[in-house]
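For reference, input36.txt (compact mmCIF, C-alpha atoms and all ligand atoms):
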# COMPACT_ATOMS: atom_id res chain seq x y z
CA MET F 1 -4.21 -13.92 -14.41
CA LYS F 2 -5.79 -12.50 -17.50
CA ASN F 3 -3.61 -9.46 -17.87
CA ILE F 4 -0.19 -10.94 -18.23
CA ASN F 5 1.26 -9.76 -21.50
CA VAL F 6 4.27 -10.20 -23.63
CA ARG F 7 5.77 -6.90 -22.51
CA ARG F 8 5.75 -7.99 -18.90
CA LEU F 9 7.12 -11.44 -19.66
CA ALA F 10 10.02 -9.84 -21.45
CA LEU F 11 10.67 -7.65 -18.43
CA ILE F 12 10.54 -10.61 -16.10
CA ALA F 13 13.28 -12.21 -18.13
CA GLY F 14 15.23 -8.96 -17.83
CA VAL F 15 14.84 -8.89 -14.06
CA LEU F 16 16.02 -12.45 -13.72
CA THR F 17 19.15 -11.58 -15.63
CA LEU F 18 19.75 -8.35 -13.77
CA GLY F 19 19.22 -10.06 -10.44
CA THR F 20 22.37 -12.07 -10.87
CA LEU F 21 24.60 -9.16 -11.78
CA THR F 22 26.64 -7.06 -9.44
CA ALA F 23 26.93 -3.56 -10.77
CA CYS F 24 29.56 -1.86 -8.67
CA GLY F 25 31.83 -3.46 -6.12
CA ASP F 26 31.53 -2.58 -2.46
CA HIS F 27 28.68 -0.79 -0.77
CA SER F 28 30.01 2.77 -0.41
CA ASN F 29 31.26 2.80 -3.97
CA SER F 30 27.89 1.54 -5.04
CA GLU F 31 26.11 4.44 -3.32
CA ALA F 32 28.44 6.97 -4.91
CA HIS F 33 27.89 5.29 -8.23
CA VAL F 34 24.10 5.45 -7.85
CA HIS F 35 24.32 9.10 -6.94
CA ALA F 36 26.46 9.92 -9.96
CA GLN F 37 24.15 8.02 -12.28
CA ASN F 38 21.10 9.78 -10.87
CA GLU F 39 22.71 13.19 -11.18
CA ALA F 40 23.48 12.49 -14.81
CA ARG F 41 19.90 11.40 -15.46
CA LYS F 42 18.35 14.37 -13.65
CA GLN F 43 20.32 16.73 -15.85
CA SER F 44 19.09 15.09 -18.99
CA THR F 45 15.85 16.65 -20.18
CA THR F 46 15.14 13.60 -22.28
CA ALA F 47 15.53 11.10 -19.42
CA SER F 48 13.11 8.26 -19.92
CA LEU F 49 10.74 6.75 -17.39
CA PRO F 50 12.19 4.13 -15.07
CA THR F 51 11.68 0.63 -16.48
CA ILE F 52 9.67 -0.42 -13.45
CA THR F 53 6.76 1.71 -14.62
CA ASN F 54 6.17 -0.94 -17.29
CA TYR F 55 5.05 -3.38 -14.62
CA PHE F 56 1.81 -1.53 -13.89
CA THR F 57 -1.26 -3.22 -15.41
CA ASP F 58 -2.95 -1.53 -18.31
CA ASP F 59 -5.63 -0.08 -16.00
CA VAL F 60 -2.99 2.08 -14.33
CA ILE F 61 -1.91 5.15 -16.27
CA VAL F 62 1.72 6.30 -16.07
CA SER F 63 2.69 9.72 -17.42
CA ASP F 64 4.51 9.71 -20.78
CA SER F 65 7.38 11.73 -19.39
CA LEU F 66 8.90 13.00 -16.18
CA VAL F 67 7.74 16.17 -14.45
CA GLU F 68 9.50 18.51 -12.06
CA CYS F 69 8.36 17.87 -8.51
CA THR F 70 9.13 18.80 -4.92
CA LEU F 71 9.38 15.93 -2.43
CA SER F 72 8.34 15.76 1.23
CA ASP F 73 11.58 17.35 2.47
CA GLY F 74 11.68 20.09 -0.14
CA THR F 75 14.02 18.26 -2.53
CA GLU F 76 13.41 19.32 -6.11
CA THR F 77 13.73 16.44 -8.54
CA SER F 78 11.98 14.52 -11.31
CA CYS F 79 8.87 12.43 -10.78
CA TYR F 80 6.51 10.39 -12.87
CA ILE F 81 2.76 10.54 -12.33
CA VAL F 82 0.78 7.36 -11.69
CA THR F 83 -3.00 7.49 -11.99
CA MET F 84 -4.60 4.72 -9.95
CA PRO F 85 -8.05 3.55 -10.98
CA ILE F 86 -10.67 3.39 -8.24
CA ASN F 87 -13.24 1.78 -10.48
CA SER F 88 -14.71 -1.31 -8.83
CA GLU F 89 -14.65 -3.11 -12.17
CA ILE F 90 -10.90 -3.29 -12.72
CA ASP F 91 -9.22 -6.67 -12.64
CA VAL F 92 -6.63 -6.71 -9.88
CA GLY F 93 -5.79 -10.35 -10.52
CA HIS F 94 -7.69 -11.78 -7.55
CA ASP F 95 -11.17 -11.71 -6.03
CA LYS F 96 -12.13 -8.87 -3.68
CA GLY F 97 -13.85 -10.06 -0.52
CA PRO F 98 -15.47 -11.74 1.27
CA TRP F 99 -15.13 -9.65 4.44
CA CYS F 100 -17.77 -10.15 7.15
CA PRO F 101 -19.34 -13.54 7.84
CA ARG F 102 -23.15 -13.43 8.17
CA ASN F 103 -23.67 -16.02 10.88
CA ILE F 104 -21.47 -17.43 13.63
CA SER F 105 -21.70 -20.78 11.83
CA ASP F 106 -19.96 -19.34 8.71
CA THR F 107 -16.54 -20.74 7.93
CA ALA F 108 -13.33 -19.05 6.74
CA GLU F 109 -14.54 -19.58 3.16
CA ASP F 110 -17.23 -16.93 3.75
CA ALA F 111 -15.07 -14.47 5.65
CA GLY F 112 -11.91 -12.42 5.46
CA ILE F 113 -9.11 -12.02 7.98
CA TRP F 114 -8.27 -9.92 11.02
CA LEU F 115 -4.79 -8.89 12.15
CA ASN F 116 -3.74 -8.79 15.78
CA ASP F 117 -0.32 -8.76 17.43
CA ASN F 118 1.51 -9.95 14.32
CA GLU F 119 -0.92 -12.81 13.75
CA VAL F 120 -3.42 -13.31 10.96
CA TYR F 121 -6.79 -14.70 12.10
CA ASP F 122 -9.69 -15.93 9.99
CA ALA F 123 -12.52 -13.51 10.78
CA ASP F 124 -14.96 -16.41 10.56
CA GLY F 125 -18.15 -17.00 12.54
CA ASN F 126 -16.24 -18.65 15.34
CA PHE F 127 -13.90 -15.67 15.66
CA ILE F 128 -16.87 -13.24 15.82
CA GLU F 129 -18.57 -15.46 18.40
CA ASN F 130 -15.52 -15.36 20.64
CA LEU F 131 -14.54 -11.69 20.38
CA ALA F 132 -15.42 -10.98 24.03
CA THR F 133 -12.94 -13.66 25.09
CA PHE F 134 -10.36 -12.73 22.46
CA TYR F 135 -10.26 -9.11 23.61
CA SER F 136 -11.16 -9.85 27.27
CA ASP F 137 -14.08 -7.42 27.12
CA ASP F 138 -17.71 -8.44 27.64
CA ASN F 139 -19.01 -5.47 25.66
CA TRP F 140 -18.30 -7.33 22.41
CA GLN F 141 -21.57 -8.67 20.99
CA LEU F 142 -21.66 -8.62 17.21
CA PHE F 143 -24.25 -11.37 16.85
CA ASN F 144 -27.75 -12.27 17.93
CA PRO F 145 -27.30 -14.98 20.60
CA GLU F 146 -30.54 -16.65 19.58
CA THR F 147 -30.07 -16.87 15.83
CA GLY F 148 -26.30 -16.50 15.52
CA GLU F 149 -26.89 -13.78 12.94
CA ILE F 150 -24.03 -11.25 12.74
CA LYS F 151 -24.76 -7.51 12.46
CA VAL F 152 -23.11 -6.31 9.23
CA THR F 153 -23.32 -2.83 7.67
CA ASP F 154 -25.51 -3.37 4.62
CA SER F 155 -25.56 -0.05 2.74
CA LYS F 156 -23.21 2.73 1.67
CA ASP F 157 -24.67 5.04 4.34
CA ALA F 158 -24.11 2.43 7.03
CA CYS F 159 -20.57 1.86 5.78
CA LEU F 160 -19.81 5.60 5.84
CA ALA F 161 -21.23 6.03 9.34
CA ALA F 162 -19.41 2.99 10.71
CA ALA F 163 -16.08 3.56 8.97
CA ARG F 164 -15.58 7.19 9.97
CA PRO F 165 -13.04 7.86 12.77
CA ASP F 166 -15.79 8.71 15.29
CA VAL F 167 -17.95 5.68 14.64
CA ASP F 168 -21.70 6.42 14.75
CA PRO F 169 -22.79 4.88 18.09
CA LYS F 170 -25.62 3.18 16.20
CA TYR F 171 -23.01 0.94 14.57
CA GLN F 172 -21.15 -0.11 17.67
CA ASN F 173 -20.94 -3.88 17.69
CA TYR F 174 -21.15 -4.20 13.92
CA CYS F 175 -18.94 -5.96 11.45
CA VAL F 176 -18.10 -3.15 9.02
CA GLU F 177 -18.13 -4.07 5.37
CA CYS F 178 -17.95 -1.60 2.49
CA LEU F 179 -18.44 -2.92 -1.03
CA PRO F 180 -16.25 -1.92 -4.00
CA GLU F 181 -19.24 -0.35 -5.78
CA TYR F 182 -19.63 2.20 -2.96
CA ALA F 183 -16.55 3.91 -4.40
CA GLU F 184 -17.60 3.88 -8.05
CA ASP F 185 -18.07 7.66 -8.26
CA VAL F 186 -14.63 8.41 -6.82
CA GLU F 187 -12.22 10.05 -9.28
CA PRO F 188 -8.98 8.19 -10.06
CA GLN F 189 -6.17 9.38 -7.78
CA LYS F 190 -2.88 10.67 -9.17
CA TYR F 191 0.44 10.22 -7.37
CA LEU F 192 3.84 11.83 -7.78
CA ILE F 193 6.56 9.18 -7.57
CA PRO F 194 10.25 10.19 -7.51
CA ALA F 195 12.03 8.73 -10.53
CA TYR F 196 15.49 8.63 -8.90
CA PRO F 197 15.12 7.70 -5.22
CA GLU F 198 18.21 7.84 -3.07
CA LYS F 199 18.37 6.51 0.45
CA ALA F 200 18.60 9.44 2.86
CA SER F 201 20.39 9.58 6.20
CA ARG F 202 17.07 10.24 7.94
CA ILE F 203 13.85 8.30 7.63
CA THR F 204 10.63 9.97 6.51
CA GLN F 205 7.41 9.24 8.40
CA PHE F 206 4.42 8.75 6.18
CA ASP F 207 1.15 10.61 6.34
CA PRO F 208 -1.32 8.15 7.91
CA HIS F 209 -3.88 9.23 5.30
CA GLY F 210 -1.54 9.37 2.35
CA GLY F 211 -0.75 5.75 1.60
CA VAL F 212 2.61 4.01 1.45
CA GLY F 213 2.76 2.58 -2.04
CA LEU F 214 1.13 1.57 -5.30
CA ALA F 215 0.86 -2.07 -6.27
CA PHE F 216 1.41 -2.90 -9.93
CA ASN F 217 -2.08 -4.46 -10.09
CA GLY F 218 -3.71 -1.08 -9.45
CA VAL F 219 -4.32 -1.35 -5.69
CA LYS F 220 -3.13 1.32 -3.26
CA MET F 221 -1.02 0.06 -0.36
CA ASP F 222 -2.17 1.96 2.67
CA ALA F 223 -0.78 3.02 6.02
CA PRO F 224 -1.72 0.77 8.97
CA ALA F 225 -5.47 0.48 9.52
CA PRO F 226 -6.53 2.52 12.61
CA VAL F 227 -7.17 -0.61 14.61
CA ASP F 228 -7.47 1.13 17.98
CA ALA F 229 -10.30 3.36 16.73
CA ILE F 230 -12.01 0.41 15.08
CA LEU F 231 -11.82 -1.80 18.17
CA GLY F 232 -12.59 1.10 20.52
CA ALA F 233 -16.03 1.34 18.93
CA TYR F 234 -16.57 -2.43 19.17
CA THR F 235 -16.43 -2.78 15.42
CA LEU F 236 -14.39 -5.09 13.26
CA ALA F 237 -13.46 -4.06 9.70
CA PRO F 238 -12.04 -7.28 8.27
CA PHE F 239 -9.68 -7.47 5.32
CA ASP F 240 -10.20 -10.05 2.63
CA ASP F 241 -7.73 -12.91 2.30
CA CYS F 242 -5.54 -10.69 0.09
CA GLY F 243 -5.23 -8.04 2.85
CA GLY F 244 -7.61 -5.53 1.28
CA HIS F 245 -10.88 -3.84 2.08
CA VAL F 246 -12.88 -0.90 0.78
CA ASN F 247 -13.14 2.65 1.98
CA PRO F 248 -15.81 4.51 -0.01
CA HIS F 249 -13.44 7.50 -0.37
CA VAL F 250 -10.40 5.63 -1.70
CA GLY F 251 -11.80 2.35 -3.00
CA TYR F 252 -10.20 -1.04 -2.50
CA HIS F 253 -6.80 -0.86 -0.77
CA TYR F 254 -4.32 -3.14 0.99
CA HIS F 255 -3.27 -3.03 4.63
CA ALA F 256 -1.38 -6.31 4.39
CA ILE F 257 0.39 -8.28 1.70
CA THR F 258 -0.52 -11.94 1.77
CA GLU F 259 0.10 -14.82 -0.57
CA CYS F 260 -2.86 -13.90 -2.77
CA SER F 261 -1.94 -10.23 -3.10
CA SER F 262 1.53 -11.27 -4.34
CA ILE F 263 0.31 -11.98 -7.84
CA ASP F 264 1.13 -11.37 -11.48
CA THR F 265 4.45 -9.77 -10.77
CA ALA F 266 8.03 -10.28 -11.68
CA LEU F 267 10.03 -12.89 -9.81
CA SER F 268 13.62 -12.15 -8.97
CA THR F 269 16.19 -13.46 -6.53
CA HIS F 270 14.42 -11.26 -3.92
CA GLY F 271 10.94 -12.73 -4.49
CA LYS F 272 8.09 -11.13 -6.38
CA MET F 273 8.22 -7.41 -6.97
CA LEU F 274 4.80 -6.02 -6.02
CA GLY F 275 4.84 -2.30 -6.56
CA VAL F 276 6.49 0.97 -5.79
CA ALA F 277 6.58 2.95 -2.54
CA LEU F 278 5.71 6.65 -2.58
CA ASP F 279 9.42 7.39 -2.15
CA GLY F 280 10.16 5.63 -5.45
CA PHE F 281 11.80 2.45 -4.14
CA THR F 282 10.27 -0.87 -5.12
CA ILE F 283 8.43 -3.17 -2.71
CA PHE F 284 8.95 -6.93 -2.83
CA GLU F 285 6.99 -9.68 -1.11
CA ARG F 286 7.96 -10.56 2.46
CA LYS F 287 10.10 -13.59 1.75
CA HIS F 288 12.77 -14.56 -0.69
CA PRO F 289 11.98 -17.49 -3.00
CA ASP F 290 13.80 -19.74 -0.50
CA GLY F 291 11.07 -18.94 2.04
CA LEU F 292 13.29 -16.85 4.31
CA VAL F 293 12.76 -13.24 5.32
CA PRO F 294 15.91 -11.21 4.55
CA ASP F 295 17.84 -10.82 7.80
CA ASP F 296 19.21 -7.35 7.11
CA LEU F 297 16.03 -5.27 6.81
CA ASP F 298 16.26 -1.79 8.34
CA ASP F 299 13.64 -0.01 10.47
CA CYS F 300 11.56 0.89 7.42
CA GLY F 301 11.64 -2.68 6.05
CA GLY F 302 14.21 -2.17 3.31
CA HIS F 303 17.75 -3.23 2.55
CA ALA F 304 20.63 -2.19 0.37
CA ILE F 305 21.50 -4.72 -2.27
CA ASP F 306 24.52 -5.54 -4.32
CA GLY F 307 23.62 -5.80 -7.94
CA SER F 308 21.80 -2.52 -8.24
CA GLY F 309 19.57 -3.77 -11.03
CA VAL F 310 17.53 -6.26 -8.97
CA GLY F 311 13.89 -5.60 -9.72
CA GLY F 312 14.50 -3.59 -12.85
CA GLN F 313 15.42 -0.35 -11.07
CA GLU F 314 18.65 0.36 -12.82
CA GLY F 315 21.17 2.22 -10.73
CA ILE F 316 19.18 1.83 -7.50
CA GLY F 317 20.65 -0.43 -4.84
CA TYR F 318 17.85 -0.49 -2.29
CA HIS F 319 14.33 -1.85 -1.96
CA TYR F 320 11.71 -2.86 0.57
CA HIS F 321 10.19 -6.16 1.57
CA ALA F 322 6.56 -5.91 2.70
CA GLY F 323 5.93 -6.31 6.43
CA ASP F 324 4.52 -9.50 7.92
CA ALA F 325 0.83 -9.77 6.98
CA GLY F 326 -0.18 -9.82 10.66
CA SER F 327 1.69 -6.61 11.41
CA ASN F 328 -0.89 -4.30 9.74
CA GLN F 329 2.14 -2.50 8.35
CA ILE F 330 3.31 -2.92 4.76
CA LEU F 331 6.13 -0.42 5.39
CA ALA F 332 7.15 1.19 8.66
CA CYS F 333 8.57 4.41 7.17
CA PHE F 334 10.24 5.74 4.04
CA SER F 335 13.99 5.64 3.62
CA ALA F 336 13.94 8.56 1.20
CA PRO F 337 11.91 11.75 0.90
CA SER F 338 8.54 10.83 -0.54
CA GLY F 339 6.18 11.78 -3.29
CA CYS F 340 2.48 12.05 -2.56
CA ALA F 341 -1.07 11.98 -3.80
CA ILE F 342 -1.57 14.99 -6.06
CA GLU F 343 -4.05 17.60 -4.86
CA GLY F 344 -5.19 19.87 -7.68
CA ASP F 345 -2.32 20.83 -9.98
CA SER F 346 0.37 21.04 -7.32
CA MET F 347 3.58 19.15 -8.00
CA HIS F 348 4.70 19.83 -4.40
CA CYS F 349 4.81 17.21 -1.66
CA ASP F 350 6.71 19.60 0.55
CA VAL F 351 5.07 19.16 3.96
CA ARG F 352 7.40 21.73 5.57
CA ARG F 353 5.86 24.52 3.59
CA GLY F 354 2.33 23.19 3.39
CA PRO F 355 0.10 23.74 0.39
CA PRO F 356 0.98 26.82 -1.70
CA GLY F 357 -1.87 28.90 -0.23
CA ASN F 358 -0.50 28.50 3.31
CA ARG F 359 3.03 29.67 2.67
CA PRO F 360 4.24 32.88 4.30
CA PRO F 361 4.77 35.75 1.86
CA PRO F 362 8.34 36.07 0.54
CA PRO F 363 10.52 38.52 2.54
CA LYS F 364 10.38 42.12 1.33
CA PRO F 365 13.49 43.22 -0.56
CA SER F 366 15.62 45.37 1.71
ZN ZN E 401 -8.48 0.60 5.18
ZN ZN E 402 15.46 -7.79 -1.06
Go ahead and express the file in the form of structure tokens.
Ligand SMILES: [Zn+2]
Ligand SMILES: [Zn+2]
Amino acid sequence: MKNINVRRLALIAGVLTLGTLTACGDHSNSEAHVHAQNEARKQSTTASLPTITNYFTDDVIVSDSLVECTLSDGTETSCYIVTMPINSEIDVGHDKGPWCPRNISDTAEDAGIWLNDNEVYDADGNFIENLATFYSDDNWQLFNPETGEIKVTDSKDACLAAARPDVDPKYQNYCVECLPEYAEDVEPQKYLIPAYPEKASRITQFDPHGGVGLAFNGVKMDAPAPVDAILGAYTLAPFDDCGGHVNPHVGYHYHAITECSSIDTALSTHGKMLGVALDGFTIFERKHPDGLVPDDLDDCGGHAIDGSGVGGQEGIGYHYHAGDAGSNQILACFSAPSGCAIEGDSMHCDVRRGPPGNRPPPPKPS
């Protein structure tokens, strides 16, 4: 933990204090109160950035001020812009990898994990050796039966061919491993994050390619890995022990939050706060400090909270807890209209209307 700084320690102290406060009495009053506060802030042209933006490490760039943006449902509001580094060199607070073992004799030390049916498995040599049994399919054969050597993608080209949705048949029965340096030429990605999220009456599905959130350590939290496509081609694309792996187009990203990805973050009565979802609500680790999963999580994985300041999001009485590591699902959906990755200069995440070029012409004046 090299990056912890005084600023963040001060904030942690703030969160601990806020976590014990109850801002506005009962639940419905609290929602009305949040709404009123947000309305007041939106109308202020000098509104400052939400405090939570201070939790991002110094490698993550947050805009100096708010911008006008259009969310996934067409809502016009204020957002801040987060620029996520894709550079393989940045310190995310933990090691990246290992992913694929090299021989069926390799232990969990030399391998990452695999997720199946809500369970986390060590993707060690023994696991690779027994894939045909594990998936009840004799076509699995990732290793040389004579030497025990495991077939692993060993170049950027091999990684690209094996990681694409229609896996190159040449790489069937490979353990797919892409290294962080394969993404070193990728430009940093900017995201629009709503500054004043409000829980909506309808959930918002996320774009399977768009990500679900941004961790404060600079790692993108992604939608579930396309496990069916991966397994359908008799490949395995393990995650490291922290739930991350590399895609050469987006760099290192998480599909699961584990103990080691829950690092260097603020502790509150709801556990460690890990990052922010693309709808603007914060994401906490799975369990409370007492070791229990909150029992009132909704379909998306969030809950309303008394004490609207928990986690440093003043005036916001709702947050998420990351899904079980084995579930391959950090969030199940968004509880509010979402922001998005920024394409070009567009500040629109409005999926109903599509990108500006695709919109129908305005009606002719009659
Ligand atoms: Zn992935
Ligand atoms: Zn909570």
Could you tell me which of F:Ser335, F:Gln172, F:Ala237, F:Ile52 comes closest to Trp140 (chain F) if we count all atoms listed in the file?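 Of all the options, F:Gln172 lies closest to Trp140 (chain F).
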If you count all atoms listed in the file, which residues fall within 6 Å of region 142-152 of chain F, apart from same-chain ones fewer than 5 positions away, as a PyMOL selection string? chain F and resi 102-104+173-176
Which one is closest to Ser338 (chain F): F:His321, F:Lys287, F:Lys199, F:His209? Count all atoms listed in the file. F:Lys199
Calculate how many Å separate CA of Thr83 (chain F) from CA of Asp324 (chain F), rounding to one decimal.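 Answer for the CA of Thr83 (chain F) to CA of Asp324 (chain F) separation: 27.2 Å.
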Write as a PyMOL selection string the residues around ligand ZN 401 (chain E), taking 8 Å as the cut-off and counting all atoms listed in the file. chain F and resi 222+224-226+244-247+253-255
Exercise: residues within 6 Å of coordinate (7.1, 8.6, -5.5), counting only C-alpha atoms, as a ChimeraX atom specification: /F:192-194,278-280,338-339
Now that the selection is made, can you save its residues with C-alpha atoms as an mmCIF file, in the coordinates of the input?
data_model
loop_
_atom_site.group_PDB
_atom_site.id
_atom_site.type_symbol
_atom_site.label_atom_id
_atom_site.label_comp_id
_atom_site.auth_asym_id
_atom_site.auth_seq_id
_atom_site.Cartn_x
_atom_site.Cartn_y
_atom_site.Cartn_z
ATOM 1 C CA LEU F 192 3.840 11.830 -7.780
ATOM 2 C CA ILE F 193 6.560 9.180 -7.570
ATOM 3 C CA PRO F 194 10.250 10.190 -7.510
ATOM 4 C CA LEU F 278 5.710 6.650 -2.580
ATOM 5 C CA ASP F 279 9.420 7.390 -2.150
ATOM 6 C CA GLY F 280 10.160 5.630 -5.450
ATOM 7 C CA SER F 338 8.540 10.830 -0.540
ATOM 8 C CA GLY F 339 6.180 11.780 -3.290
#
Would you list the residues near (5.3, 13.4, -15.1), meaning any protein, DNA or RNA residue with an atom at most 10 Å from that point in file coordinates, counting all atoms listed in the file, as a ChimeraX atom specification? /F:49,62-69,78-82,191-195,347
Residues contacting ligand ZN 402 (chain E) - anything with an atom at most 10 Å away, using all atoms listed in the file - can you give me those as number ranges by chain? F: 268-273, 282-288, 293-297, 301-306, 310-311, 317-322
Determine the nearest neighbour of Leu214 (chain F) from the options F:Cys242, F:Ala336, F:Leu274, F:Leu292, counting all atoms listed in the file.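 Between F:Cys242, F:Ala336, F:Leu274, F:Leu292, the residue approaching Leu214 (chain F) most closely is F:Leu274.
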